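Asker: This is the content of structure24.pdb (PDB, C-alpha atoms):
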```pdb
ATOM      1  CA  MET T   1       0.000   0.000   0.000
ATOM      2  CA  GLU T   2       1.314   3.414  -0.957
ATOM      3  CA  GLN T   3       1.075   5.921   1.860
ATOM      4  CA  LYS T   4       1.071   9.626   2.488
ATOM      5  CA  VAL T   5       3.159  10.034   5.623
ATOM      6  CA  LEU T   6       3.069  12.898   8.113
ATOM      7  CA  ILE T   7       6.203  13.170  10.264
ATOM      8  CA  LEU T   8       5.547  15.029  13.516
ATOM      9  CA  GLY T   9       8.606  16.350  15.299
ATOM     10  CA  SER T  10      10.280  16.507  11.907
ATOM     11  CA  HIS T  11      12.823  19.083  13.075
ATOM     12  CA  GLY T  12      14.159  16.920  15.919
ATOM     13  CA  GLN T  13      17.040  14.519  15.432
ATOM     14  CA  LEU T  14      14.915  11.455  14.617
ATOM     15  CA  GLY T  15      12.523  13.497  12.494
ATOM     16  CA  ARG T  16      15.389  15.015  10.514
ATOM     17  CA  THR T  17      16.915  11.584   9.978
ATOM     18  CA  LEU T  18      13.572  10.282   8.735
ATOM     19  CA  ARG T  19      13.223  13.239   6.376
ATOM     20  CA  GLU T  20      16.572  12.407   4.798
ATOM     21  CA  GLU T  21      15.985   8.672   4.529
ATOM     22  CA  ILE T  22      12.251   8.261   3.878
ATOM     23  CA  PRO T  23      12.448   8.970   0.120
ATOM     24  CA  TYR T  24      14.078   5.520  -0.105
ATOM     25  CA  CYS T  25      10.973   3.905   1.411
ATOM     26  CA  PHE T  26       9.122   2.369  -1.543
ATOM     27  CA  SER T  27       5.650   2.407   0.011
ATOM     28  CA  VAL T  28       5.695   6.179   0.598
ATOM     29  CA  ARG T  29       4.212   8.410  -2.106
ATOM     30  CA  GLY T  30       4.036  11.639  -0.172
ATOM     31  CA  ILE T  31       5.982  13.092   2.780
ATOM     32  CA  PHE T  32       4.753  15.959   4.948
ATOM     33  CA  CYS T  33       7.108  17.538   7.489
ATOM     34  CA  PRO T  34       5.527  20.645   9.017
ATOM     35  CA  SER T  35       7.372  22.668  11.612
ATOM     36  CA  ARG T  36       5.825  23.367  15.006
ATOM     37  CA  LYS T  37       4.761  26.794  13.740
ATOM     38  CA  GLN T  38       3.120  25.279  10.685
ATOM     39  CA  LEU T  39       1.213  22.659  12.685
ATOM     40  CA  ASP T  40       0.537  22.771  16.410
ATOM     41  CA  ILE T  41      -0.409  19.206  17.351
ATOM     42  CA  THR T  42      -1.849  20.396  20.662
ATOM     43  CA  ASP T  43      -4.536  22.115  18.540
ATOM     44  CA  LYS T  44      -6.959  19.315  17.679
ATOM     45  CA  GLU T  45      -8.860  21.154  14.959
ATOM     46  CA  ALA T  46      -5.659  22.279  13.253
ATOM     47  CA  LEU T  47      -4.364  18.696  13.255
ATOM     48  CA  LEU T  48      -7.603  17.242  11.888
ATOM     49  CA  ASP T  49      -7.742  19.906   9.176
ATOM     50  CA  TYR T  50      -4.143  19.200   8.122
ATOM     51  CA  VAL T  51      -4.708  15.446   7.944
ATOM     52  CA  LYS T  52      -7.888  15.886   5.913
ATOM     53  CA  ARG T  53      -6.430  18.521   3.584
ATOM     54  CA  PHE T  54      -3.413  16.419   2.631
ATOM     55  CA  GLN T  55      -5.176  13.037   2.883
ATOM     56  CA  ILE T  56      -2.630  11.609   5.294
ATOM     57  CA  ASP T  57      -2.581   7.812   5.692
ATOM     58  CA  THR T  58       0.163   7.333   8.295
ATOM     59  CA  ILE T  59       1.493   9.513  11.104
ATOM     60  CA  ILE T  60       4.972   8.937  12.523
ATOM     61  CA  ASN T  61       4.970  10.785  15.836
ATOM     62  CA  CYS T  62       8.495  11.786  16.843
ATOM     63  CA  ALA T  63       7.216  14.908  18.582
ATOM     64  CA  ALA T  64       7.789  14.965  22.330
ATOM     65  CA  TYR T  65       8.697  17.177  25.236
ATOM     66  CA  THR T  66      12.118  15.584  25.807
ATOM     67  CA  ASN T  67      13.749  18.083  28.166
ATOM     68  CA  VAL T  68      13.900  15.733  31.170
ATOM     69  CA  LYS T  69      15.052  18.420  33.612
ATOM     70  CA  GLY T  70      12.752  21.070  32.205
ATOM     71  CA  ALA T  71       9.707  18.813  32.533
ATOM     72  CA  GLU T  72      10.124  18.736  36.311
ATOM     73  CA  THR T  73       9.148  22.405  36.524
ATOM     74  CA  ASP T  74       7.006  22.598  33.367
ATOM     75  CA  TYR T  75       4.458  19.834  33.832
ATOM     76  CA  GLU T  76       1.841  21.635  31.728
ATOM     77  CA  GLY T  77       4.229  21.916  28.785
ATOM     78  CA  ALA T  78       5.234  18.261  29.008
ATOM     79  CA  TYR T  79       1.598  17.168  29.413
ATOM     80  CA  ALA T  80       0.461  19.176  26.388
ATOM     81  CA  VAL T  81       2.892  17.497  23.990
ATOM     82  CA  ASN T  82       3.316  14.054  25.559
ATOM     83  CA  VAL T  83      -0.313  13.430  26.546
ATOM     84  CA  LYS T  84      -2.857  15.899  25.168
ATOM     85  CA  ALA T  85      -1.417  15.786  21.646
ATOM     86  CA  ILE T  86      -1.757  11.982  21.686
ATOM     87  CA  GLU T  87      -5.483  12.353  22.348
ATOM     88  CA  ASN T  88      -5.634  14.574  19.279
ATOM     89  CA  LEU T  89      -3.811  12.006  17.126
ATOM     90  CA  CYS T  90      -6.378   9.413  18.162
ATOM     91  CA  ALA T  91      -9.135  11.526  16.601
ATOM     92  CA  THR T  92      -7.658  10.974  13.121
ATOM     93  CA  ASN T  93      -8.254   7.972  10.867
ATOM     94  CA  CYS T  94      -4.514   7.492  10.336
ATOM     95  CA  LYS T  95      -2.241   4.600  11.194
ATOM     96  CA  ILE T  96       0.002   5.876  13.986
ATOM     97  CA  ILE T  97       3.602   4.925  14.681
ATOM     98  CA  HIS T  98       4.482   6.550  17.995
ATOM     99  CA  ILE T  99       7.965   6.848  19.526
ATOM    100  CA  SER T 100       8.246   6.369  23.288
ATOM    101  CA  THR T 101      11.026   5.855  25.817
ATOM    102  CA  ASP T 102      12.811   3.543  28.251
ATOM    103  CA  TYR T 103      12.057   6.153  30.933
ATOM    104  CA  VAL T 104       8.625   4.574  31.475
ATOM    105  CA  PHE T 105      10.539   2.076  33.678
ATOM    106  CA  ASP T 106      12.129   2.663  37.079
ATOM    107  CA  GLY T 107      15.239   0.569  36.367
ATOM    108  CA  GLU T 108      14.808  -1.633  39.452
ATOM    109  CA  LYS T 109      14.098  -4.946  37.675
ATOM    110  CA  GLY T 110      17.783  -5.809  37.344
ATOM    111  CA  ASP T 111      17.204  -7.534  34.011
ATOM    112  CA  PHE T 112      16.157  -6.706  30.447
ATOM    113  CA  TYR T 113      12.703  -5.116  30.224
ATOM    114  CA  THR T 114      10.063  -6.811  28.089
ATOM    115  CA  GLU T 115       6.986  -5.120  26.646
ATOM    116  CA  GLU T 116       4.845  -6.880  29.256
ATOM    117  CA  ASP T 117       6.771  -5.592  32.281
ATOM    118  CA  GLU T 118       5.056  -3.190  34.657
ATOM    119  CA  THR T 119       5.965   0.449  34.143
ATOM    120  CA  ASN T 120       6.871   2.828  36.945
ATOM    121  CA  PRO T 121       8.377   6.082  35.651
ATOM    122  CA  LEU T 122      10.535   8.094  38.026
ATOM    123  CA  ASN T 123      10.194  11.578  36.558
ATOM    124  CA  VAL T 124       7.663  13.858  34.869
ATOM    125  CA  TYR T 125       9.020  13.133  31.402
ATOM    126  CA  GLY T 126       8.613   9.381  31.881
ATOM    127  CA  LYS T 127       5.195   9.749  33.526
ATOM    128  CA  THR T 128       3.772  11.887  30.720
ATOM    129  CA  LYS T 129       5.217   9.591  28.043
ATOM    130  CA  ARG T 130       3.568   6.630  29.774
ATOM    131  CA  GLU T 131       0.236   8.477  29.957
ATOM    132  CA  GLY T 132       0.503   9.095  26.218
ATOM    133  CA  GLU T 133       1.096   5.382  25.607
ATOM    134  CA  GLU T 134      -1.941   4.421  27.677
ATOM    135  CA  ILE T 135      -4.209   6.842  25.833
ATOM    136  CA  LEU T 136      -3.001   5.622  22.447
ATOM    137  CA  MET T 137      -3.515   1.957  23.322
ATOM    138  CA  LYS T 138      -6.982   2.684  24.731
ATOM    139  CA  LEU T 139      -8.330   4.942  21.985
ATOM    140  CA  LYS T 140      -6.433   3.596  18.976
ATOM    141  CA  PRO T 141      -5.263   0.045  19.743
ATOM    142  CA  ASP T 142      -4.177  -0.619  16.153
ATOM    143  CA  SER T 143      -1.279   1.826  16.683
ATOM    144  CA  ILE T 144       2.398   0.887  16.876
ATOM    145  CA  ILE T 145       4.386   2.167  19.860
ATOM    146  CA  ILE T 146       8.168   1.865  19.610
ATOM    147  CA  ARG T 147      10.015   2.437  22.875
ATOM    148  CA  THR T 148      13.641   3.367  22.335
ATOM    149  CA  SER T 149      16.617   4.627  24.330
ATOM    150  CA  TRP T 150      19.674   6.888  24.250
ATOM    151  CA  LEU T 151      19.144   8.231  20.714
ATOM    152  CA  TYR T 152      21.968   9.912  18.802
ATOM    153  CA  SER T 153      22.524  11.241  15.284
ATOM    154  CA  LYS T 154      24.653  13.698  13.340
ATOM    155  CA  PHE T 155      22.325  16.470  14.497
ATOM    156  CA  ASN T 156      23.109  18.449  17.650
ATOM    157  CA  ASN T 157      21.734  18.211  21.187
ATOM    158  CA  ASN T 158      22.260  14.546  21.943
ATOM    159  CA  PHE T 159      24.756  12.701  24.120
ATOM    160  CA  LEU T 160      27.071  11.932  21.197
ATOM    161  CA  SER T 161      27.296  15.496  19.897
ATOM    162  CA  ASN T 162      27.718  16.910  23.413
ATOM    163  CA  MET T 163      30.390  14.356  24.266
ATOM    164  CA  VAL T 164      32.390  14.987  21.075
ATOM    165  CA  LYS T 165      32.374  18.713  21.827
ATOM    166  CA  LYS T 166      33.534  18.155  25.425
ATOM    167  CA  ILE T 167      36.275  15.719  24.442
ATOM    168  CA  ILE T 168      37.612  18.165  21.859
ATOM    169  CA  GLU T 169      37.496  21.197  24.155
ATOM    170  CA  GLN T 170      38.225  19.855  27.669
ATOM    171  CA  ASP T 171      41.184  18.172  29.341
ATOM    172  CA  GLU T 172      38.999  15.721  31.267
ATOM    173  CA  VAL T 173      35.377  14.634  30.836
ATOM    174  CA  PHE T 174      33.531  12.971  33.728
ATOM    175  CA  VAL T 175      30.689  10.609  32.795
ATOM    176  CA  VAL T 176      28.269   8.587  34.931
ATOM    177  CA  ASN T 177      29.257   4.915  35.172
ATOM    178  CA  ASP T 178      26.338   3.407  37.129
ATOM    179  CA  GLN T 179      23.363   3.963  34.800
ATOM    180  CA  TYR T 180      22.863   1.216  32.192
ATOM    181  CA  GLY T 181      21.010   1.511  28.907
ATOM    182  CA  ALA T 182      21.495   0.906  25.193
ATOM    183  CA  PRO T 183      22.642   3.625  22.764
ATOM    184  CA  THR T 184      20.493   3.777  19.628
ATOM    185  CA  SER T 185      21.447   5.344  16.323
ATOM    186  CA  CYS T 186      18.653   7.313  14.659
ATOM    187  CA  TYR T 187      19.661   5.510  11.478
ATOM    188  CA  SER T 188      18.980   2.151  13.134
ATOM    189  CA  LEU T 189      15.599   3.330  14.421
ATOM    190  CA  THR T 190      14.733   4.758  11.016
ATOM    191  CA  SER T 191      15.415   1.352   9.432
ATOM    192  CA  CYS T 192      13.144  -0.246  12.032
ATOM    193  CA  ILE T 193      10.367   2.236  11.244
ATOM    194  CA  PHE T 194      10.791   1.581   7.524
ATOM    195  CA  ASP T 195      10.367  -2.140   8.139
ATOM    196  CA  PHE T 196       7.002  -1.434   9.780
ATOM    197  CA  LEU T 197       5.975   0.938   6.971
ATOM    198  CA  GLU T 198       6.900  -1.481   4.190
ATOM    199  CA  PHE T 199       6.103  -4.899   5.597
ATOM    200  CA  ASN T 200       4.302  -4.608   8.955
ATOM    201  CA  ARG T 201       1.902  -1.707   8.669
ATOM    202  CA  SER T 202      -0.870  -3.898  10.084
ATOM    203  CA  ALA T 203       1.130  -4.605  13.251
ATOM    204  CA  SER T 204      -0.034  -3.109  16.531
ATOM    205  CA  GLY T 205       1.007  -2.834  20.146
ATOM    206  CA  ILE T 206       4.187  -1.939  22.009
ATOM    207  CA  PHE T 207       7.649  -2.892  20.772
ATOM    208  CA  HIS T 208      11.080  -2.308  22.300
ATOM    209  CA  PHE T 209      13.852  -1.220  19.960
ATOM    210  CA  SER T 210      17.455  -0.183  20.510
ATOM    211  CA  ASP T 211      20.833  -1.143  19.187
ATOM    212  CA  GLU T 212      21.830  -4.282  21.038
ATOM    213  CA  GLY T 213      23.820  -4.650  24.225
ATOM    214  CA  PRO T 214      23.893  -2.888  27.615
ATOM    215  CA  CYS T 215      26.452  -0.283  28.572
ATOM    216  CA  THR T 216      26.841   2.650  30.932
ATOM    217  CA  TRP T 217      27.029   6.273  29.847
ATOM    218  CA  TYR T 218      30.730   5.991  30.665
ATOM    219  CA  ASP T 219      31.144   2.974  28.342
ATOM    220  CA  PHE T 220      29.357   4.887  25.592
ATOM    221  CA  ALA T 221      31.556   7.957  26.083
ATOM    222  CA  LEU T 222      34.718   5.852  26.207
ATOM    223  CA  LYS T 223      33.854   4.275  22.851
ATOM    224  CA  ILE T 224      33.186   7.727  21.373
ATOM    225  CA  ASN T 225      36.579   8.887  22.650
ATOM    226  CA  GLU T 226      38.325   5.845  21.120
ATOM    227  CA  LEU T 227      36.675   6.438  17.745
ATOM    228  CA  LEU T 228      37.623  10.123  17.854
ATOM    229  CA  VAL T 229      41.255   9.201  18.470
ATOM    230  CA  ASN T 230      41.142   7.045  15.319
ATOM    231  CA  SER T 231      39.222   9.603  13.261
ATOM    232  CA  GLU T 232      40.966  11.680  10.601
ATOM    233  CA  PHE T 233      38.525  14.556  11.092
ATOM    234  CA  PHE T 234      39.385  15.485  14.693
ATOM    235  CA  GLU T 235      42.610  16.255  16.516
ATOM    236  CA  VAL T 236      42.111  14.012  19.529
ATOM    237  CA  ASN T 237      44.994  11.772  20.545
ATOM    238  CA  GLU T 238      44.188  10.661  24.092
ATOM    239  CA  ILE T 239      41.457   9.142  26.234
ATOM    240  CA  LYS T 240      39.932  11.967  28.270
ATOM    241  CA  VAL T 241      36.835  10.235  29.665
ATOM    242  CA  LYS T 242      36.763   9.483  33.399
ATOM    243  CA  PRO T 243      34.060   7.595  35.381
ATOM    244  CA  ILE T 244      31.882   9.232  38.035
ATOM    245  CA  SER T 245      28.926   7.941  40.082
ATOM    246  CA  SER T 246      25.378   9.292  39.823
ATOM    247  CA  SER T 247      25.605  10.585  43.402
ATOM    248  CA  GLU T 248      28.764  12.518  42.568
ATOM    249  CA  PHE T 249      27.138  13.918  39.417
ATOM    250  CA  ASN T 250      24.355  15.473  41.534
ATOM    251  CA  ASP T 251      21.585  15.089  38.949
ATOM    252  CA  VAL T 252      18.376  16.675  40.265
ATOM    253  CA  VAL T 253      16.206  14.300  38.184
ATOM    254  CA  LYS T 254      15.636  10.650  39.119
ATOM    255  CA  ARG T 255      16.611   8.334  36.246
ATOM    256  CA  PRO T 256      16.422   4.545  35.869
ATOM    257  CA  LYS T 257      19.647   2.749  36.791
ATOM    258  CA  PHE T 258      19.076  -0.133  34.347
ATOM    259  CA  SER T 259      16.657   0.387  31.460
ATOM    260  CA  VAL T 260      17.947  -2.061  28.851
ATOM    261  CA  PHE T 261      15.332  -3.679  26.613
ATOM    262  CA  SER T 262      14.670  -7.264  25.696
ATOM    263  CA  LEU T 263      14.563  -7.218  21.883
ATOM    264  CA  GLU T 264      13.048 -10.658  21.325
ATOM    265  CA  LYS T 265       9.572  -9.426  20.351
ATOM    266  CA  ILE T 266      10.742  -6.950  17.736
ATOM    267  CA  LYS T 267      13.323  -9.368  16.317
ATOM    268  CA  GLU T 268      10.457 -11.745  15.565
ATOM    269  CA  LYS T 269       8.441  -8.954  13.919
ATOM    270  CA  LEU T 270      11.082  -7.277  11.732
ATOM    271  CA  GLU T 271      11.150  -8.768   8.241
ATOM    272  CA  TYR T 272      14.419  -7.513   6.770
ATOM    273  CA  TYR T 273      16.206  -5.323   9.293
ATOM    274  CA  GLU T 274      18.753  -7.060  11.513
ATOM    275  CA  ILE T 275      19.576  -5.269  14.769
ATOM    276  CA  SER T 276      23.226  -4.289  15.240
ATOM    277  CA  LYS T 277      25.340  -4.306  18.374
ATOM    278  CA  TRP T 278      25.540  -0.773  19.747
ATOM    279  CA  GLU T 279      29.308  -0.659  19.177
ATOM    280  CA  GLU T 280      28.859  -1.662  15.517
ATOM    281  CA  ALA T 281      26.141   0.940  14.985
ATOM    282  CA  LEU T 282      28.377   3.631  16.485
ATOM    283  CA  GLU T 283      31.303   2.564  14.309
ATOM    284  CA  TYR T 284      29.026   2.687  11.254
ATOM    285  CA  TYR T 285      28.008   6.200  12.258
ATOM    286  CA  PHE T 286      31.642   7.329  12.490
ATOM    287  CA  GLU T 287      32.459   5.746   9.121
ATOM    288  CA  ASN T 288      29.539   7.349   7.303
ATOM    289  CA  PHE T 289      28.332  10.474   9.104
ATOM    290  CA  ILE T 290      30.967  11.947  11.400
ATOM    291  CA  GLU T 291      32.346  14.222   8.658
ATOM    292  CA  GLN T 292      28.860  15.738   8.173
ATOM    293  CA  SER T 293      28.322  16.365  11.863
ATOM    294  CA  LYS T 294      28.352  19.871  13.280
ATOM    295  CA  TYR T 295      30.250  20.265  16.560
TER     296      TYR T 295
END
```
Could you write out this structure as structure tokens?
Answerer:
Amino acid sequence: MEQKVLILGSHGQLGRTLREEIPYCFSVRGIFCPSRKQLDITDKEALLDYVKRFQIDTIINCAAYTNVKGAETDYEGAYAVNVKAIENLCATNCKIIHISTDYVFDGEKGDFYTEEDETNPLNVYGKTKREGEEILMKLKPDSIIIRTSWLYSKFNNNFLSNMVKKIIEQDEVFVVNDQYGAPTSCYSLTSCIFDFLEFNRSASGIFHFSDEGPCTWYDFALKINELLVNSEFFEVNEIKVKPISSSEFNDVVKRPKFSVFSLEKIKEKLEYYEISKWEEALEYYFENFIEQSKY
């Protein structure tokens, strides 16, 4: 089935990656990428009018209030985008692919999280994202929810871009070594989304997706540092990353200590995309995109 696809949050890092890659998706015959000014998804009538005017078939919702610290003092802002806007999406007749987060979990399980595990978010960001999931599953159960974690891309304002900048500019970089997750390349997640668009549009429910393998933020940063040392595009010749505990870091926001996904369910669903180890995905990024990155 050929589809007209509306990408919400198209100016964020995942949205921008999708915009670059989606022309290669054979089932897509039209791509719509409005900015926040062009389409306010918290305005139900504006959203319904846009969908009707352009005859949208599928909505990929990358839009979210992702400022974890900011959400603690701006609940209304986080609620508007992460919850209320989801209610508005449910009023459309479109297939919805919605991006969610590992922060719906509290990190206390001590093992990989499956889609069936009980959620217990620790912060406002996680709580509002979970509320959005619940509304979507209740009002539009044929939707696809993809939970992901630790996203990075060649676009700014992610852990990778911030870490590269710090490693280049600072003598030492201290990174938390007691929070475990799985880094995920936006290019990997885009391939996963394409697989659903092309071959699994009729799928529904919650799926966990990340690049494979647990690591700490420190492990992630250390690998970035190693790849920078071997890169011809940056003058970095030493390992500058040092470990630090969460308590020493003095983060004001509670975050899960271990939020690594089980990927068994999505591995069974994906037709043609094979999930990479997180180290391999990061190496692929450095080989293909690091020169284009802006730091």
Asker: Measuring atom to atom with only C-alpha atoms, identify which of T:Asn237, T:Ser210, T:Asn82, T:Gln55 is nearest to T:Ile167.
Answerer: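 Of the candidates, the smallest distance to T:Ile167 is held by T:Asn237.
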Asker: Rounded to one decimal, what separation in Å do you get between atom CA of T:Val28 and atom CA of T:Leu197?
Answerer: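 Computing the Euclidean distance for atom CA of T:Val28 and atom CA of T:Leu197 yields 8.3 Å.
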Asker: Could you list the residues chosen by the PyMOL selection byres ((chain T and resi 96) around 7) in this structure as a list of chain:residue names?
Answerer: T:Thr58, T:Ile59, T:Ile60, T:Cys94, T:Lys95, T:Ile97, T:His98, T:Ser143, T:Ile144
Asker: Could you spell out the hits of the PyMOL selection byres ((chain T and resi 173) around 6) on the shown file, as an MDAnalysis selection string?
Answerer: chainID T and resid 172 174 240:242
Asker: Using all atoms listed in the file, tabulate the residues of stretch 190-282 of chain T lying at most 10 Å from any atom of stretch 150-160 of chain T, each with its closest atom pair and that distance in Å to one decimal, by chain and increasing residue number, as JSON lines.
Answerer:
```
{"residue": "T:Ser210", "atom": "CA", "partner": "T:Trp150", "partner_atom": "CA", "distance": 8.3}
{"residue": "T:Asp211", "atom": "CA", "partner": "T:Trp150", "partner_atom": "CA", "distance": 9.6}
{"residue": "T:Trp217", "atom": "CA", "partner": "T:Phe159", "partner_atom": "CA", "distance": 8.9}
{"residue": "T:Phe220", "atom": "CA", "partner": "T:Leu160", "partner_atom": "CA", "distance": 8.6}
{"residue": "T:Ala221", "atom": "CA", "partner": "T:Leu160", "partner_atom": "CA", "distance": 7.7}
{"residue": "T:Ile224", "atom": "CA", "partner": "T:Leu160", "partner_atom": "CA", "distance": 7.4}
{"residue": "T:Leu282", "atom": "CA", "partner": "T:Tyr152", "partner_atom": "CA", "distance": 9.3}
```
Asker: Once the PyMOL selection byres ((chain T and resi 89) around 10) has been applied to the shown file, what residues remain in the selection, as an MDAnalysis selection string?
Answerer: chainID T and resid 41:42 44 47:48 51 59 61 84:88 90:96 98 136 139:140
Asker: Take the point (27.0, -1.5, 18.5) in the file's coordinates, draw a sphere of radius 10 Å around it, and report as JSON, numbers by chain every protein, DNA or RNA residue with an atom inside or on it, counting all atoms listed in the file.
Answerer: {"T": [182, 183, 184, 185, 210, 211, 212, 213, 214, 220, 223, 275, 276, 277, 278, 279, 280, 281, 282, 283, 284, 285]}
Asker: Would you please work out which residue, of T:Ser35, T:Gln13, T:Ser231, T:Ser259, is nearest to T:Glu287 when using only C-alpha atoms?
Answerer: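 Comparing T:Ser35, T:Gln13, T:Ser231, T:Ser259 against T:Glu287, the winner is T:Ser231.
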Asker: Residues within 12 Å of T:Ile22, please, as a PyMOL selection string. Count all atoms listed in the file; anything in the same chain fewer than 2 positions from it doesn't count.
Answerer: chain T and resi 3-7+10+14-20+24-33+60+187+190-195+197-198
Asker: Any idea what the distance is between atom CA of T:Ser245 and atom CA of T:Glu108?
Answerer: 17.1 Å
Asker: May I have the residues within 8 Å of stretch 203-205 of chain T as an mmCIF file with C-alpha atoms, keeping the file's coordinate frame, using all atoms listed in the file and disregarding those fewer than 5 positions away in the same chain?
Answerer:
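New file part-v4.cif:
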```cif
data_model
loop_
_atom_site.group_PDB
_atom_site.id
_atom_site.type_symbol
_atom_site.label_atom_id
_atom_site.label_comp_id
_atom_site.auth_asym_id
_atom_site.auth_seq_id
_atom_site.Cartn_x
_atom_site.Cartn_y
_atom_site.Cartn_z
ATOM 1 C CA MET T 137 -3.515 1.957 23.322
ATOM 2 C CA PRO T 141 -5.263 0.045 19.743
ATOM 3 C CA ASP T 142 -4.177 -0.619 16.153
ATOM 4 C CA SER T 143 -1.279 1.826 16.683
ATOM 5 C CA ILE T 144 2.398 0.887 16.876
ATOM 6 C CA ILE T 145 4.386 2.167 19.860
ATOM 7 C CA PHE T 196 7.002 -1.434 9.780
#
```
Asker: I'd like the box whose edges run along x, y and z of the file and which contains every listed atom of stretch 183-188 of chain T, padded by 5 Å per side; could you state its centre and edge lengths in Å, one decimal, as AutoDock Vina command-line options?
Answerer:
```
--center_x 20.6 --center_y 4.7 --center_z 17.1 --size_x 14.0 --size_y 15.2 --size_z 21.3
```
Asker: Please report the interatomic distance between atom CA of T:Thr101 and atom CA of T:Thr73 in Å with one decimal.
Answerer: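 Separating atom CA of T:Thr101 from atom CA of T:Thr73 is a distance of 19.8 Å.
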Asker: Tell me, as an NGL selection string, which residues lie within 10 Å of T:Leu228, counting only C-alpha atoms; anything in the same chain fewer than 4 positions away does not count.
Answerer: :T and (164 or 167-168 or 222-224 or 232-239 or 286 or 290)
Asker: Which is closer to T:Ala80 than all the others in T:Asp251, T:Glu116, T:Glu21, T:Asp40, using all atoms listed in the file?
Answerer: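 Using all atoms listed in the file, the shortest distance to T:Ala80 belongs to T:Asp40.
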Asker: Restricting the calculation to only C-alpha atoms, which member of T:Leu263, T:Val83, T:Ala78, T:Val176 is positioned closest to T:Arg130?
Answerer: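 Closest candidate: T:Val83.
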Asker: Tell me which of T:Gln179, T:Ser161, T:Ser100, T:Asn230 sits closest to T:Thr66, counting only C-alpha atoms.
Answerer: T:Ser100
Asker: Check the smallest atom-to-atom distance from each of T:Thr119, T:Ser246, T:Ser262, T:Ser188 to T:Val175 using only C-alpha atoms, then report the winner.
Answerer: T:Ser246
Asker: Could you complete stretch 16-20 of chain T so that it carries all heavy atoms, and give it back as a tab-separated table (two decimals), in the frame of the given file?
Answerer:
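As written to disk, selection_31.tsv reads:
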```tsv
chain	number	residue	atom	x	y	z
T	16	ARG	N	14.49	14.57	11.59
T	16	ARG	CA	15.39	15.02	10.51
T	16	ARG	C	16.05	13.83	9.82
T	16	ARG	O	16.25	13.85	8.60
T	16	ARG	CB	16.44	15.97	11.08
T	16	ARG	CG	15.87	17.29	11.54
T	16	ARG	CD	16.88	18.14	12.27
T	16	ARG	NE	17.86	18.72	11.37
T	16	ARG	CZ	18.87	19.51	11.78
T	16	ARG	NH1	19.01	19.78	13.07
T	16	ARG	NH2	19.70	20.01	10.91
T	17	THR	N	16.36	12.80	10.59
T	17	THR	CA	16.92	11.58	9.98
T	17	THR	C	15.88	10.93	9.08
T	17	THR	O	16.18	10.51	7.96
T	17	THR	CB	17.37	10.59	11.07
T	17	THR	OG1	18.28	11.25	11.95
T	17	THR	CG2	18.06	9.39	10.45
T	18	LEU	N	14.65	10.84	9.55
T	18	LEU	CA	13.57	10.28	8.74
T	18	LEU	C	13.38	11.08	7.46
T	18	LEU	O	13.19	10.50	6.38
T	18	LEU	CB	12.27	10.25	9.53
T	18	LEU	CG	12.10	9.11	10.53
T	18	LEU	CD1	10.95	9.41	11.48
T	18	LEU	CD2	11.84	7.80	9.80
T	19	ARG	N	13.41	12.39	7.56
T	19	ARG	CA	13.22	13.24	6.38
T	19	ARG	C	14.27	12.96	5.31
T	19	ARG	O	13.98	12.97	4.12
T	19	ARG	CB	13.28	14.72	6.78
T	19	ARG	CG	12.02	15.21	7.48
T	19	ARG	CD	12.26	16.50	8.21
T	19	ARG	NE	12.82	17.55	7.37
T	19	ARG	CZ	13.31	18.70	7.82
T	19	ARG	NH1	13.33	18.91	9.14
T	19	ARG	NH2	13.77	19.60	7.00
T	20	GLU	N	15.50	12.69	5.74
T	20	GLU	CA	16.57	12.41	4.80
T	20	GLU	C	16.43	11.02	4.18
T	20	GLU	O	16.74	10.82	3.00
T	20	GLU	CB	17.93	12.50	5.49
T	20	GLU	CG	18.37	13.92	5.80
T	20	GLU	CD	19.82	13.97	6.28
T	20	GLU	OE1	20.43	12.88	6.47
T	20	GLU	OE2	20.34	15.08	6.47
```
